[in-house]
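A quick write-up on the structure given underneath.
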Amino acid sequence: MSGLGENAAPRNFGRRKSRTGGGAARRAERTRVSIETARFIERNVPNFDLLNLEALEVIEDNAETVLEEIGVDFVDNPQALILWREAGADIDGNRVHIPKGLARKLCSTAPDSFVQHARNPERSVVIGGKNLVLAPVYGPPFVRDLAGGRRYATIDDFRKFVRLGYMSKWLHHSGGTLCEPTDVAVNKRHLDMLHAHMTLSDKPFMGSVTEPSRAQDSVDMAKILFGGEFVENNAVMTSLININSPLTFDSIMIGAMEVYARSNQATIVSPFIVGGAMAPVTVAGTLAQVFAEVLAGVAYNQLVRPGAPVIFGAFVTSIDMNSGAPTFGTPEASQILFGAGQLARRLNLPFRSGGGLCGSKLPDAQAAFESANTLNSALLAGVNFMLHACGWLEGGLVSSFEKFVIDADQLGALHKFAEGVDFDANGQAMDAIREVGPGSHFLGCAHTQANYQAAFWRSGIFDYRPFETWQEEGGPDTVELAVREVRKLLRNYEKPKLDIAVEDALLDFVRKKKDSMPDAFA
């Protein structure tokens, strides 16, 4: 934990003054700014395995049948076709037919876990194993807050989200495209976004994937921040590569993945599926397609550079058959989450999915139910890297400031649940039961007094006050309380320290890159 005044030397007061000083110290402790980040989650609870061995084997066999008989398209990427042919695949135009067993064999060189380093080493994360790393919303072109409503996102909005992510205790990761800053040219906005992540936060971050040259800019800026040799030997970015489902790998995304793989940087190979539109309507059929696409993507990643860190991704939602709109937090989506987690573990790869996903237009009850369903399913499914953990609204079209802090607050409950149940002597609490006996209460017993501060997880936003107190203060609802939290976090934000020479070099890189090309807004 870090905070203002933490390293100040203690002062020696006389006896009378020490009581006054102690009171002042306690008041200061209650009111001081705290910039604290919880360690990434290490689960002490079991994963929920929905599918039995027979079902998993059927899905895996169906996926490999898809790769062999139907194949996958690698569009406008001759080099990929050459690598696949050399590896033993059959090539027909852009179509790659992968013999059974080949993709799985190629995937075997990918690590089962890896460290993503942050510029503050205390905030580096381990992705894989029993760990869960939480990252915020990614990709929306719009933002929403109570005061301004729904509007196109700007770079100022983007920077505010980076600051909120840095100040949020339960977020381990700064994320990537927290919103699309539409007031900056398309071909230049990645530079401003990366600069914000690198300078306004010291948590891990994601690189750009919207064009291979922008991925290379991400690597080059990371080398300024971390040093070239360090980047060559360590993962400092985890970036999202979406598959154009069904069964299509486009040259832009795969080109970005090639840049990252060659640079030993981590990528998430993730089908982007709306069930019923981009995959079958059934859970088993969708899982077979997900597994086929991930197998092909991870295998190609390893063809580019064996041993490069890579994550098994799955973003799957269902569709409303009346409107065609995507739906979230549904039972089928959770079943796919659980099944995909099992498949990822059988492939010995870290797993990405989940988040605070919802289709609601506002941070309301619909948003809360849908988000909670996905968050809890993701925890139990064994997700290792959770993108969209906070801030997602309107099916991913909107980044909401209020929902960002509401969701981020609720991530604390995931941390608490993942700790599991304490069964040591203190956890069993037999001394407390003996002390209290029949007919009394536990509020004043020694065990309660020793444990009350950390016994129960407590929201930092929700209102637990009596009705009369709540009513006297205007009866604020959750959104109004979230508005106050956003203002408090931004007011208390303090930029993490960064070597001035590194900061100047980053600014110079961004300026020169922007000056080297005209603005493009398409």
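As shown in the structure tokens, the chain order sets the letters A, B, ...; within each chain, residues go from 1, and ligands are also counted from 1 in the order they appear.
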
*Using DSSP on the backbone coordinates, identify all residues within stretch 209-423 of chain A classified as strand (DSSP E); present the result as number ranges by chain.*
A: 238-243, 248-249, 266-274, 310-313, 315-319, 326-327, 351-352, 385-386, 392-393, 398-400

*asked:* So that I can check the surroundings of stretch 101-104 of chain A, please list as a PyMOL selection string every protein, DNA and RNA residue that reaches within 7 Å of it, counting only C-alpha atoms and ignoring chain neighbours fewer than 6 positions away.
replied: chain A and resi 295-296+299

*asked:* Env of A:Ser251: 12 Å cut, atoms = only C-alpha atoms, seq-sep filter 2 positions within chain, self excluded. Answer as number ranges by chain.
replied: A: 73-81, 94, 209-212, 241-244, 248-249, 253-259

Under the rule of at most 12 Å, produce a per-residue listing of stretch 253-283 of chain A near stretch 374-391 of chain A: chain, number, name, the closest pair of atoms, and the distance in Å, as a tab-separated table, using only C-alpha atoms.
residue	atom	partner	partner_atom	distance
A:Ala266	CA	A:Phe385	CA	11.8
A:Thr267	CA	A:Phe385	CA	11.3
A:Ile268	CA	A:Phe385	CA	9.2
A:Ser270	CA	A:Leu387	CA	11.4

Store the residues of this selection in a file with N, CA, C and O atoms, as an mmCIF file, in the first residue's frame.
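Output saved as again_0.cif:
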data_model
loop_
_atom_site.group_PDB
_atom_site.id
_atom_site.type_symbol
_atom_site.label_atom_id
_atom_site.label_comp_id
_atom_site.auth_asym_id
_atom_site.auth_seq_id
_atom_site.Cartn_x
_atom_site.Cartn_y
_atom_site.Cartn_z
ATOM 1 N N ALA A 266 2.849 -10.343 -25.544
ATOM 2 C CA ALA A 266 1.695 -11.225 -25.413
ATOM 3 C C ALA A 266 0.509 -10.736 -26.236
ATOM 4 O O ALA A 266 0.270 -9.525 -26.354
ATOM 5 N N THR A 267 -0.239 -11.669 -26.780
ATOM 6 C CA THR A 267 -1.488 -11.357 -27.465
ATOM 7 C C THR A 267 -2.595 -12.276 -26.977
ATOM 8 O O THR A 267 -2.346 -13.404 -26.536
ATOM 9 N N ILE A 268 -3.810 -11.761 -27.061
ATOM 10 C CA ILE A 268 -5.013 -12.544 -26.767
ATOM 11 C C ILE A 268 -5.628 -12.911 -28.099
ATOM 12 O O ILE A 268 -6.036 -12.035 -28.862
ATOM 13 N N SER A 270 -8.675 -14.127 -29.802
ATOM 14 C CA SER A 270 -10.044 -14.185 -29.296
ATOM 15 C C SER A 270 -11.073 -14.140 -30.415
ATOM 16 O O SER A 270 -11.194 -13.128 -31.105
#

Got a sec to tell me which of stretch 153-290 of chain A DSSP assigns to alpha helix (DSSP H), as a PDB file with N, CA, C and O atoms, in the first residue's frame?
ATOM      1  N   ILE A 155     -10.189  12.586 -26.308  1.00  0.00           N
ATOM      2  CA  ILE A 155      -8.943  12.196 -25.638  1.00  0.00           C
ATOM      3  C   ILE A 155      -8.963  12.629 -24.175  1.00  0.00           C
ATOM      4  O   ILE A 155      -8.359  11.966 -23.323  1.00  0.00           O
ATOM      5  N   ASP A 156      -9.688  13.697 -23.866  1.00  0.00           N
ATOM      6  CA  ASP A 156      -9.818  14.095 -22.465  1.00  0.00           C
ATOM      7  C   ASP A 156     -10.586  13.038 -21.678  1.00  0.00           C
ATOM      8  O   ASP A 156     -10.212  12.698 -20.541  1.00  0.00           O
ATOM      9  N   ASP A 157     -11.650  12.498 -22.277  1.00  0.00           N
ATOM     10  CA  ASP A 157     -12.371  11.389 -21.633  1.00  0.00           C
ATOM     11  C   ASP A 157     -11.433  10.202 -21.414  1.00  0.00           C
ATOM     12  O   ASP A 157     -11.440   9.579 -20.346  1.00  0.00           O
ATOM     13  N   PHE A 158     -10.675   9.885 -22.444  1.00  0.00           N
ATOM     14  CA  PHE A 158      -9.757   8.749 -22.350  1.00  0.00           C
ATOM     15  C   PHE A 158      -8.801   8.928 -21.173  1.00  0.00           C
ATOM     16  O   PHE A 158      -8.591   7.994 -20.379  1.00  0.00           O
ATOM     17  N   ARG A 159      -8.227  10.101 -21.045  1.00  0.00           N
ATOM     18  CA  ARG A 159      -7.277  10.344 -19.949  1.00  0.00           C
ATOM     19  C   ARG A 159      -7.953  10.264 -18.594  1.00  0.00           C
ATOM     20  O   ARG A 159      -7.352   9.798 -17.612  1.00  0.00           O
ATOM     21  N   LYS A 160      -9.201  10.695 -18.517  1.00  0.00           N
ATOM     22  CA  LYS A 160      -9.924  10.569 -17.250  1.00  0.00           C
ATOM     23  C   LYS A 160     -10.101   9.097 -16.880  1.00  0.00           C
ATOM     24  O   LYS A 160      -9.958   8.723 -15.709  1.00  0.00           O
ATOM     25  N   PHE A 161     -10.415   8.264 -17.863  1.00  0.00           N
ATOM     26  CA  PHE A 161     -10.563   6.835 -17.571  1.00  0.00           C
ATOM     27  C   PHE A 161      -9.237   6.217 -17.121  1.00  0.00           C
ATOM     28  O   PHE A 161      -9.214   5.366 -16.228  1.00  0.00           O
ATOM     29  N   VAL A 162      -8.129   6.624 -17.734  1.00  0.00           N
ATOM     30  CA  VAL A 162      -6.827   6.111 -17.287  1.00  0.00           C
ATOM     31  C   VAL A 162      -6.582   6.497 -15.826  1.00  0.00           C
ATOM     32  O   VAL A 162      -6.121   5.677 -15.018  1.00  0.00           O
ATOM     33  N   ARG A 163      -6.915   7.744 -15.478  1.00  0.00           N
ATOM     34  CA  ARG A 163      -6.729   8.193 -14.087  1.00  0.00           C
ATOM     35  C   ARG A 163      -7.626   7.406 -13.142  1.00  0.00           C
ATOM     36  O   ARG A 163      -7.199   7.006 -12.049  1.00  0.00           O
ATOM     37  N   LEU A 164      -8.875   7.174 -13.541  1.00  0.00           N
ATOM     38  CA  LEU A 164      -9.779   6.397 -12.691  1.00  0.00           C
ATOM     39  C   LEU A 164      -9.259   4.969 -12.505  1.00  0.00           C
ATOM     40  O   LEU A 164      -9.327   4.418 -11.401  1.00  0.00           O
ATOM     41  N   GLY A 165      -8.746   4.375 -13.585  1.00  0.00           N
ATOM     42  CA  GLY A 165      -8.197   3.027 -13.478  1.00  0.00           C
ATOM     43  C   GLY A 165      -6.997   2.967 -12.560  1.00  0.00           C
ATOM     44  O   GLY A 165      -6.829   2.018 -11.787  1.00  0.00           O
ATOM     45  N   TYR A 166      -6.170   3.999 -12.627  1.00  0.00           N
ATOM     46  CA  TYR A 166      -4.995   4.055 -11.753  1.00  0.00           C
ATOM     47  C   TYR A 166      -5.409   4.184 -10.288  1.00  0.00           C
ATOM     48  O   TYR A 166      -4.797   3.575  -9.402  1.00  0.00           O
ATOM     49  N   MET A 167      -6.462   4.947 -10.028  1.00  0.00           N
ATOM     50  CA  MET A 167      -6.898   5.182  -8.653  1.00  0.00           C
ATOM     51  C   MET A 167      -7.748   4.037  -8.102  1.00  0.00           C
ATOM     52  O   MET A 167      -8.001   3.988  -6.898  1.00  0.00           O
ATOM     53  N   ARG A 189      -4.362   8.573 -33.072  1.00  0.00           N
ATOM     54  CA  ARG A 189      -4.914   8.504 -31.719  1.00  0.00           C
ATOM     55  C   ARG A 189      -4.239   7.432 -30.874  1.00  0.00           C
ATOM     56  O   ARG A 189      -4.177   7.544 -29.644  1.00  0.00           O
ATOM     57  N   HIS A 190      -3.729   6.363 -31.516  1.00  0.00           N
ATOM     58  CA  HIS A 190      -3.063   5.316 -30.728  1.00  0.00           C
ATOM     59  C   HIS A 190      -1.856   5.863 -29.983  1.00  0.00           C
ATOM     60  O   HIS A 190      -1.528   5.408 -28.885  1.00  0.00           O
ATOM     61  N   LEU A 191      -1.194   6.871 -30.562  1.00  0.00           N
ATOM     62  CA  LEU A 191      -0.022   7.471 -29.914  1.00  0.00           C
ATOM     63  C   LEU A 191      -0.415   8.185 -28.629  1.00  0.00           C
ATOM     64  O   LEU A 191       0.254   8.052 -27.593  1.00  0.00           O
ATOM     65  N   ASP A 192      -1.516   8.944 -28.689  1.00  0.00           N
ATOM     66  CA  ASP A 192      -1.981   9.646 -27.491  1.00  0.00           C
ATOM     67  C   ASP A 192      -2.483   8.676 -26.432  1.00  0.00           C
ATOM     68  O   ASP A 192      -2.282   8.890 -25.226  1.00  0.00           O
ATOM     69  N   MET A 193      -3.154   7.603 -26.866  1.00  0.00           N
ATOM     70  CA  MET A 193      -3.655   6.630 -25.899  1.00  0.00           C
ATOM     71  C   MET A 193      -2.508   5.909 -25.190  1.00  0.00           C
ATOM     72  O   MET A 193      -2.516   5.753 -23.961  1.00  0.00           O
ATOM     73  N   LEU A 194      -1.516   5.475 -25.965  1.00  0.00           N
ATOM     74  CA  LEU A 194      -0.364   4.826 -25.351  1.00  0.00           C
ATOM     75  C   LEU A 194       0.370   5.760 -24.412  1.00  0.00           C
ATOM     76  O   LEU A 194       0.783   5.369 -23.304  1.00  0.00           O
ATOM     77  N   HIS A 195       0.535   7.004 -24.836  1.00  0.00           N
ATOM     78  CA  HIS A 195       1.229   7.981 -23.983  1.00  0.00           C
ATOM     79  C   HIS A 195       0.486   8.162 -22.665  1.00  0.00           C
ATOM     80  O   HIS A 195       1.105   8.265 -21.596  1.00  0.00           O
ATOM     81  N   ALA A 196      -0.853   8.186 -22.716  1.00  0.00           N
ATOM     82  CA  ALA A 196      -1.635   8.321 -21.486  1.00  0.00           C
ATOM     83  C   ALA A 196      -1.411   7.135 -20.559  1.00  0.00           C
ATOM     84  O   ALA A 196      -1.186   7.298 -19.354  1.00  0.00           O
ATOM     85  N   HIS A 197      -1.486   5.913 -21.099  1.00  0.00           N
ATOM     86  CA  HIS A 197      -1.261   4.727 -20.256  1.00  0.00           C
ATOM     87  C   HIS A 197       0.141   4.743 -19.644  1.00  0.00           C
ATOM     88  O   HIS A 197       0.321   4.381 -18.473  1.00  0.00           O
ATOM     89  N   MET A 198       1.127   5.150 -20.422  1.00  0.00           N
ATOM     90  CA  MET A 198       2.516   5.071 -19.973  1.00  0.00           C
ATOM     91  C   MET A 198       2.869   6.142 -18.950  1.00  0.00           C
ATOM     92  O   MET A 198       3.765   5.931 -18.126  1.00  0.00           O
ATOM     93  N   THR A 199       2.184   7.283 -19.001  1.00  0.00           N
ATOM     94  CA  THR A 199       2.570   8.403 -18.133  1.00  0.00           C
ATOM     95  C   THR A 199       1.579   8.673 -17.004  1.00  0.00           C
ATOM     96  O   THR A 199       1.986   9.131 -15.931  1.00  0.00           O
ATOM     97  N   LEU A 200       0.295   8.409 -17.214  1.00  0.00           N
ATOM     98  CA  LEU A 200      -0.715   8.720 -16.201  1.00  0.00           C
ATOM     99  C   LEU A 200      -0.975   7.562 -15.252  1.00  0.00           C
ATOM    100  O   LEU A 200      -1.682   7.718 -14.257  1.00  0.00           O
ATOM    101  N   PRO A 212      -0.827  -2.909 -38.369  1.00  0.00           N
ATOM    102  CA  PRO A 212       0.481  -3.429 -37.945  1.00  0.00           C
ATOM    103  C   PRO A 212       1.493  -2.338 -37.604  1.00  0.00           C
ATOM    104  O   PRO A 212       2.275  -2.503 -36.656  1.00  0.00           O
ATOM    105  N   SER A 213       1.492  -1.227 -38.331  1.00  0.00           N
ATOM    106  CA  SER A 213       2.451  -0.164 -38.027  1.00  0.00           C
ATOM    107  C   SER A 213       2.176   0.448 -36.659  1.00  0.00           C
ATOM    108  O   SER A 213       3.102   0.919 -35.983  1.00  0.00           O
ATOM    109  N   ARG A 214       0.911   0.437 -36.234  1.00  0.00           N
ATOM    110  CA  ARG A 214       0.574   0.978 -34.909  1.00  0.00           C
ATOM    111  C   ARG A 214       0.995   0.010 -33.813  1.00  0.00           C
ATOM    112  O   ARG A 214       1.355   0.428 -32.710  1.00  0.00           O
ATOM    113  N   ALA A 215       0.952  -1.277 -34.127  1.00  0.00           N
ATOM    114  CA  ALA A 215       1.518  -2.247 -33.188  1.00  0.00           C
ATOM    115  C   ALA A 215       3.016  -2.022 -33.038  1.00  0.00           C
ATOM    116  O   ALA A 215       3.567  -2.085 -31.930  1.00  0.00           O
ATOM    117  N   GLN A 216       3.687  -1.736 -34.149  1.00  0.00           N
ATOM    118  CA  GLN A 216       5.129  -1.473 -34.085  1.00  0.00           C
ATOM    119  C   GLN A 216       5.413  -0.199 -33.297  1.00  0.00           C
ATOM    120  O   GLN A 216       6.374  -0.144 -32.523  1.00  0.00           O
ATOM    121  N   ASP A 217       4.574   0.835 -33.466  1.00  0.00           N
ATOM    122  CA  ASP A 217       4.719   2.041 -32.643  1.00  0.00           C
ATOM    123  C   ASP A 217       4.600   1.695 -31.162  1.00  0.00           C
ATOM    124  O   ASP A 217       5.329   2.247 -30.319  1.00  0.00           O
ATOM    125  N   SER A 218       3.676   0.795 -30.836  1.00  0.00           N
ATOM    126  CA  SER A 218       3.494   0.384 -29.438  1.00  0.00           C
ATOM    127  C   SER A 218       4.762  -0.262 -28.900  1.00  0.00           C
ATOM    128  O   SER A 218       5.199   0.038 -27.769  1.00  0.00           O
ATOM    129  N   VAL A 219       5.358  -1.138 -29.691  1.00  0.00           N
ATOM    130  CA  VAL A 219       6.597  -1.800 -29.276  1.00  0.00           C
ATOM    131  C   VAL A 219       7.707  -0.764 -29.115  1.00  0.00           C
ATOM    132  O   VAL A 219       8.465  -0.787 -28.129  1.00  0.00           O
ATOM    133  N   ASP A 220       7.813   0.159 -30.068  1.00  0.00           N
ATOM    134  CA  ASP A 220       8.875   1.168 -30.005  1.00  0.00           C
ATOM    135  C   ASP A 220       8.717   2.078 -28.791  1.00  0.00           C
ATOM    136  O   ASP A 220       9.705   2.420 -28.135  1.00  0.00           O
ATOM    137  N   MET A 221       7.481   2.461 -28.473  1.00  0.00           N
ATOM    138  CA  MET A 221       7.264   3.293 -27.287  1.00  0.00           C
ATOM    139  C   MET A 221       7.540   2.511 -26.009  1.00  0.00           C
ATOM    140  O   MET A 221       8.080   3.061 -25.029  1.00  0.00           O
ATOM    141  N   ALA A 222       7.190   1.226 -26.009  1.00  0.00           N
ATOM    142  CA  ALA A 222       7.488   0.394 -24.842  1.00  0.00           C
ATOM    143  C   ALA A 222       8.991   0.295 -24.612  1.00  0.00           C
ATOM    144  O   ALA A 222       9.458   0.267 -23.459  1.00  0.00           O
ATOM    145  N   LYS A 223       9.762   0.270 -25.696  1.00  0.00           N
ATOM    146  CA  LYS A 223      11.213   0.209 -25.544  1.00  0.00           C
ATOM    147  C   LYS A 223      11.764   1.495 -24.947  1.00  0.00           C
ATOM    148  O   LYS A 223      12.753   1.469 -24.197  1.00  0.00           O
ATOM    149  N   ILE A 224      11.138   2.624 -25.245  1.00  0.00           N
ATOM    150  CA  ILE A 224      11.542   3.881 -24.605  1.00  0.00           C
ATOM    151  C   ILE A 224      11.239   3.823 -23.115  1.00  0.00           C
ATOM    152  O   ILE A 224      12.042   4.240 -22.271  1.00  0.00           O
ATOM    153  N   LEU A 225      10.076   3.277 -22.773  1.00  0.00           N
ATOM    154  CA  LEU A 225       9.641   3.245 -21.375  1.00  0.00           C
ATOM    155  C   LEU A 225      10.421   2.236 -20.547  1.00  0.00           C
ATOM    156  O   LEU A 225      10.836   2.531 -19.420  1.00  0.00           O
ATOM    157  N   PHE A 226      10.650   1.041 -21.099  1.00  0.00           N
ATOM    158  CA  PHE A 226      11.260  -0.048 -20.335  1.00  0.00           C
ATOM    159  C   PHE A 226      12.730  -0.288 -20.679  1.00  0.00           C
ATOM    160  O   PHE A 226      13.439  -0.928 -19.906  1.00  0.00           O
ATOM    161  N   GLY A 228      15.107  -1.183 -24.483  1.00  0.00           N
ATOM    162  CA  GLY A 228      14.989  -2.127 -25.581  1.00  0.00           C
ATOM    163  C   GLY A 228      15.293  -3.558 -25.203  1.00  0.00           C
ATOM    164  O   GLY A 228      14.566  -4.489 -25.576  1.00  0.00           O
ATOM    165  N   GLU A 229      16.368  -3.782 -24.470  1.00  0.00           N
ATOM    166  CA  GLU A 229      16.751  -5.144 -24.099  1.00  0.00           C
ATOM    167  C   GLU A 229      15.708  -5.785 -23.201  1.00  0.00           C
ATOM    168  O   GLU A 229      15.387  -6.977 -23.347  1.00  0.00           O
ATOM    169  N   PHE A 230      15.137  -5.002 -22.286  1.00  0.00           N
ATOM    170  CA  PHE A 230      14.124  -5.542 -21.384  1.00  0.00           C
ATOM    171  C   PHE A 230      12.904  -6.004 -22.173  1.00  0.00           C
ATOM    172  O   PHE A 230      12.354  -7.092 -21.922  1.00  0.00           O
ATOM    173  N   VAL A 231      12.478  -5.202 -23.150  1.00  0.00           N
ATOM    174  CA  VAL A 231      11.309  -5.564 -23.950  1.00  0.00           C
ATOM    175  C   VAL A 231      11.577  -6.807 -24.781  1.00  0.00           C
ATOM    176  O   VAL A 231      10.685  -7.648 -24.970  1.00  0.00           O
ATOM    177  N   GLU A 232      12.789  -6.948 -25.283  1.00  0.00           N
ATOM    178  CA  GLU A 232      13.121  -8.138 -26.080  1.00  0.00           C
ATOM    179  C   GLU A 232      12.981  -9.419 -25.268  1.00  0.00           C
ATOM    180  O   GLU A 232      12.684 -10.482 -25.813  1.00  0.00           O
ATOM    181  N   ASN A 233      13.176  -9.325 -23.967  1.00  0.00           N
ATOM    182  CA  ASN A 233      13.218 -10.522 -23.126  1.00  0.00           C
ATOM    183  C   ASN A 233      12.022 -10.673 -22.190  1.00  0.00           C
ATOM    184  O   ASN A 233      11.926 -11.687 -21.481  1.00  0.00           O
ATOM    185  N   SER A 251      -5.945  -9.525 -42.407  1.00  0.00           N
ATOM    186  CA  SER A 251      -4.530  -9.165 -42.450  1.00  0.00           C
ATOM    187  C   SER A 251      -4.171  -8.092 -41.434  1.00  0.00           C
ATOM    188  O   SER A 251      -3.020  -8.023 -40.979  1.00  0.00           O
ATOM    189  N   ILE A 252      -5.122  -7.234 -41.052  1.00  0.00           N
ATOM    190  CA  ILE A 252      -4.803  -6.158 -40.106  1.00  0.00           C
ATOM    191  C   ILE A 252      -4.550  -6.728 -38.718  1.00  0.00           C
ATOM    192  O   ILE A 252      -3.513  -6.470 -38.096  1.00  0.00           O
ATOM    193  N   MET A 253      -5.504  -7.516 -38.221  1.00  0.00           N
ATOM    194  CA  MET A 253      -5.341  -8.092 -36.887  1.00  0.00           C
ATOM    195  C   MET A 253      -4.171  -9.072 -36.846  1.00  0.00           C
ATOM    196  O   MET A 253      -3.348  -9.041 -35.922  1.00  0.00           O
ATOM    197  N   ILE A 254      -4.085  -9.940 -37.843  1.00  0.00           N
ATOM    198  CA  ILE A 254      -3.004 -10.922 -37.836  1.00  0.00           C
ATOM    199  C   ILE A 254      -1.661 -10.236 -38.051  1.00  0.00           C
ATOM    200  O   ILE A 254      -0.638 -10.638 -37.477  1.00  0.00           O
ATOM    201  N   GLY A 255      -1.646  -9.172 -38.844  1.00  0.00           N
ATOM    202  CA  GLY A 255      -0.408  -8.411 -39.012  1.00  0.00           C
ATOM    203  C   GLY A 255       0.058  -7.801 -37.700  1.00  0.00           C
ATOM    204  O   GLY A 255       1.254  -7.799 -37.388  1.00  0.00           O
ATOM    205  N   ALA A 256      -0.894  -7.284 -36.901  1.00  0.00           N
ATOM    206  CA  ALA A 256      -0.533  -6.753 -35.584  1.00  0.00           C
ATOM    207  C   ALA A 256      -0.018  -7.861 -34.680  1.00  0.00           C
ATOM    208  O   ALA A 256       0.973  -7.691 -33.951  1.00  0.00           O
ATOM    209  N   MET A 257      -0.663  -9.041 -34.733  1.00  0.00           N
ATOM    210  CA  MET A 257      -0.205 -10.160 -33.918  1.00  0.00           C
ATOM    211  C   MET A 257       1.203 -10.578 -34.304  1.00  0.00           C
ATOM    212  O   MET A 257       2.020 -10.923 -33.433  1.00  0.00           O
ATOM    213  N   GLU A 258       1.504 -10.561 -35.586  1.00  0.00           N
ATOM    214  CA  GLU A 258       2.847 -10.919 -36.030  1.00  0.00           C
ATOM    215  C   GLU A 258       3.889  -9.979 -35.431  1.00  0.00           C
ATOM    216  O   GLU A 258       4.964 -10.418 -34.992  1.00  0.00           O
ATOM    217  N   VAL A 259       3.581  -8.671 -35.399  1.00  0.00           N
ATOM    218  CA  VAL A 259       4.504  -7.702 -34.801  1.00  0.00           C
ATOM    219  C   VAL A 259       4.762  -8.037 -33.342  1.00  0.00           C
ATOM    220  O   VAL A 259       5.916  -8.083 -32.883  1.00  0.00           O
ATOM    221  N   TYR A 260       3.688  -8.293 -32.604  1.00  0.00           N
ATOM    222  CA  TYR A 260       3.844  -8.570 -31.176  1.00  0.00           C
ATOM    223  C   TYR A 260       4.548  -9.900 -30.927  1.00  0.00           C
ATOM    224  O   TYR A 260       5.412  -9.995 -30.040  1.00  0.00           O
ATOM    225  N   ALA A 261       4.194 -10.916 -31.694  1.00  0.00           N
ATOM    226  CA  ALA A 261       4.831 -12.220 -31.489  1.00  0.00           C
ATOM    227  C   ALA A 261       6.328 -12.134 -31.769  1.00  0.00           C
ATOM    228  O   ALA A 261       7.141 -12.665 -30.994  1.00  0.00           O
ATOM    229  N   ARG A 262       6.708 -11.479 -32.872  1.00  0.00           N
ATOM    230  CA  ARG A 262       8.130 -11.353 -33.182  1.00  0.00           C
ATOM    231  C   ARG A 262       8.880 -10.586 -32.100  1.00  0.00           C
ATOM    232  O   ARG A 262      10.075 -10.807 -31.881  1.00  0.00           O
ATOM    233  N   VAL A 283     -24.858 -24.194 -27.733  1.00  0.00           N
ATOM    234  CA  VAL A 283     -23.648 -24.059 -26.924  1.00  0.00           C
ATOM    235  C   VAL A 283     -22.541 -24.964 -27.448  1.00  0.00           C
ATOM    236  O   VAL A 283     -21.397 -24.538 -27.634  1.00  0.00           O
ATOM    237  N   ALA A 284     -22.837 -26.227 -27.707  1.00  0.00           N
ATOM    238  CA  ALA A 284     -21.810 -27.171 -28.159  1.00  0.00           C
ATOM    239  C   ALA A 284     -21.259 -26.781 -29.526  1.00  0.00           C
ATOM    240  O   ALA A 284     -20.048 -26.884 -29.779  1.00  0.00           O
ATOM    241  N   GLY A 285     -22.134 -26.328 -30.425  1.00  0.00           N
ATOM    242  CA  GLY A 285     -21.669 -25.900 -31.739  1.00  0.00           C
ATOM    243  C   GLY A 285     -20.788 -24.676 -31.667  1.00  0.00           C
ATOM    244  O   GLY A 285     -19.755 -24.586 -32.349  1.00  0.00           O
ATOM    245  N   THR A 286     -21.177 -23.712 -30.836  1.00  0.00           N
ATOM    246  CA  THR A 286     -20.369 -22.503 -30.673  1.00  0.00           C
ATOM    247  C   THR A 286     -19.013 -22.834 -30.065  1.00  0.00           C
ATOM    248  O   THR A 286     -17.978 -22.298 -30.489  1.00  0.00           O
ATOM    249  N   LEU A 287     -18.994 -23.712 -29.068  1.00  0.00           N
ATOM    250  CA  LEU A 287     -17.720 -24.079 -28.440  1.00  0.00           C
ATOM    251  C   LEU A 287     -16.781 -24.752 -29.439  1.00  0.00           C
ATOM    252  O   LEU A 287     -15.565 -24.517 -29.406  1.00  0.00           O
ATOM    253  N   ALA A 288     -17.333 -25.572 -30.329  1.00  0.00           N
ATOM    254  CA  ALA A 288     -16.489 -26.213 -31.345  1.00  0.00           C
ATOM    255  C   ALA A 288     -15.871 -25.151 -32.259  1.00  0.00           C
ATOM    256  O   ALA A 288     -14.681 -25.232 -32.598  1.00  0.00           O
ATOM    257  N   GLN A 289     -16.665 -24.155 -32.659  1.00  0.00           N
ATOM    258  CA  GLN A 289     -16.130 -23.097 -33.518  1.00  0.00           C
ATOM    259  C   GLN A 289     -15.100 -22.256 -32.768  1.00  0.00           C
ATOM    260  O   GLN A 289     -14.043 -21.919 -33.318  1.00  0.00           O
ATOM    261  N   VAL A 290     -15.391 -21.906 -31.518  1.00  0.00           N
ATOM    262  CA  VAL A 290     -14.438 -21.138 -30.703  1.00  0.00           C
ATOM    263  C   VAL A 290     -13.110 -21.875 -30.619  1.00  0.00           C
ATOM    264  O   VAL A 290     -12.040 -21.290 -30.837  1.00  0.00           O
TER     265      VAL A 290
END

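Considering the residues A:Ala344, A:Ala365, A:Leu393, A:Met430 and counting only C-alpha atoms, A:Ala314 has its shortest atom-to-atom contact with A:Ala344.
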
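Nearest-residue note for A:Ala292: choosing from A:Ile41, A:Ala235, A:Ile59, A:Leu51, the minimum distance belongs to A:Ile59, counting only C-alpha atoms.
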
_With only C-alpha atoms as the counted atoms, please give the residues lying no more than 9 Å from A:Ala418, apart from itself and same-chain residues fewer than 3 positions off, as a ChimeraX atom specification._
/A:41-45,379-380,413-415,421

*With only C-alpha atoms as the atoms that count, which of A:Val294, A:Leu349, A:Ala368, A:Val72 lies nearest to A:Gly329?*
A:Ala368

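Picture a line from atom CA of A:Glu293 to atom CA of A:Asn187; it runs 28.7 Å.
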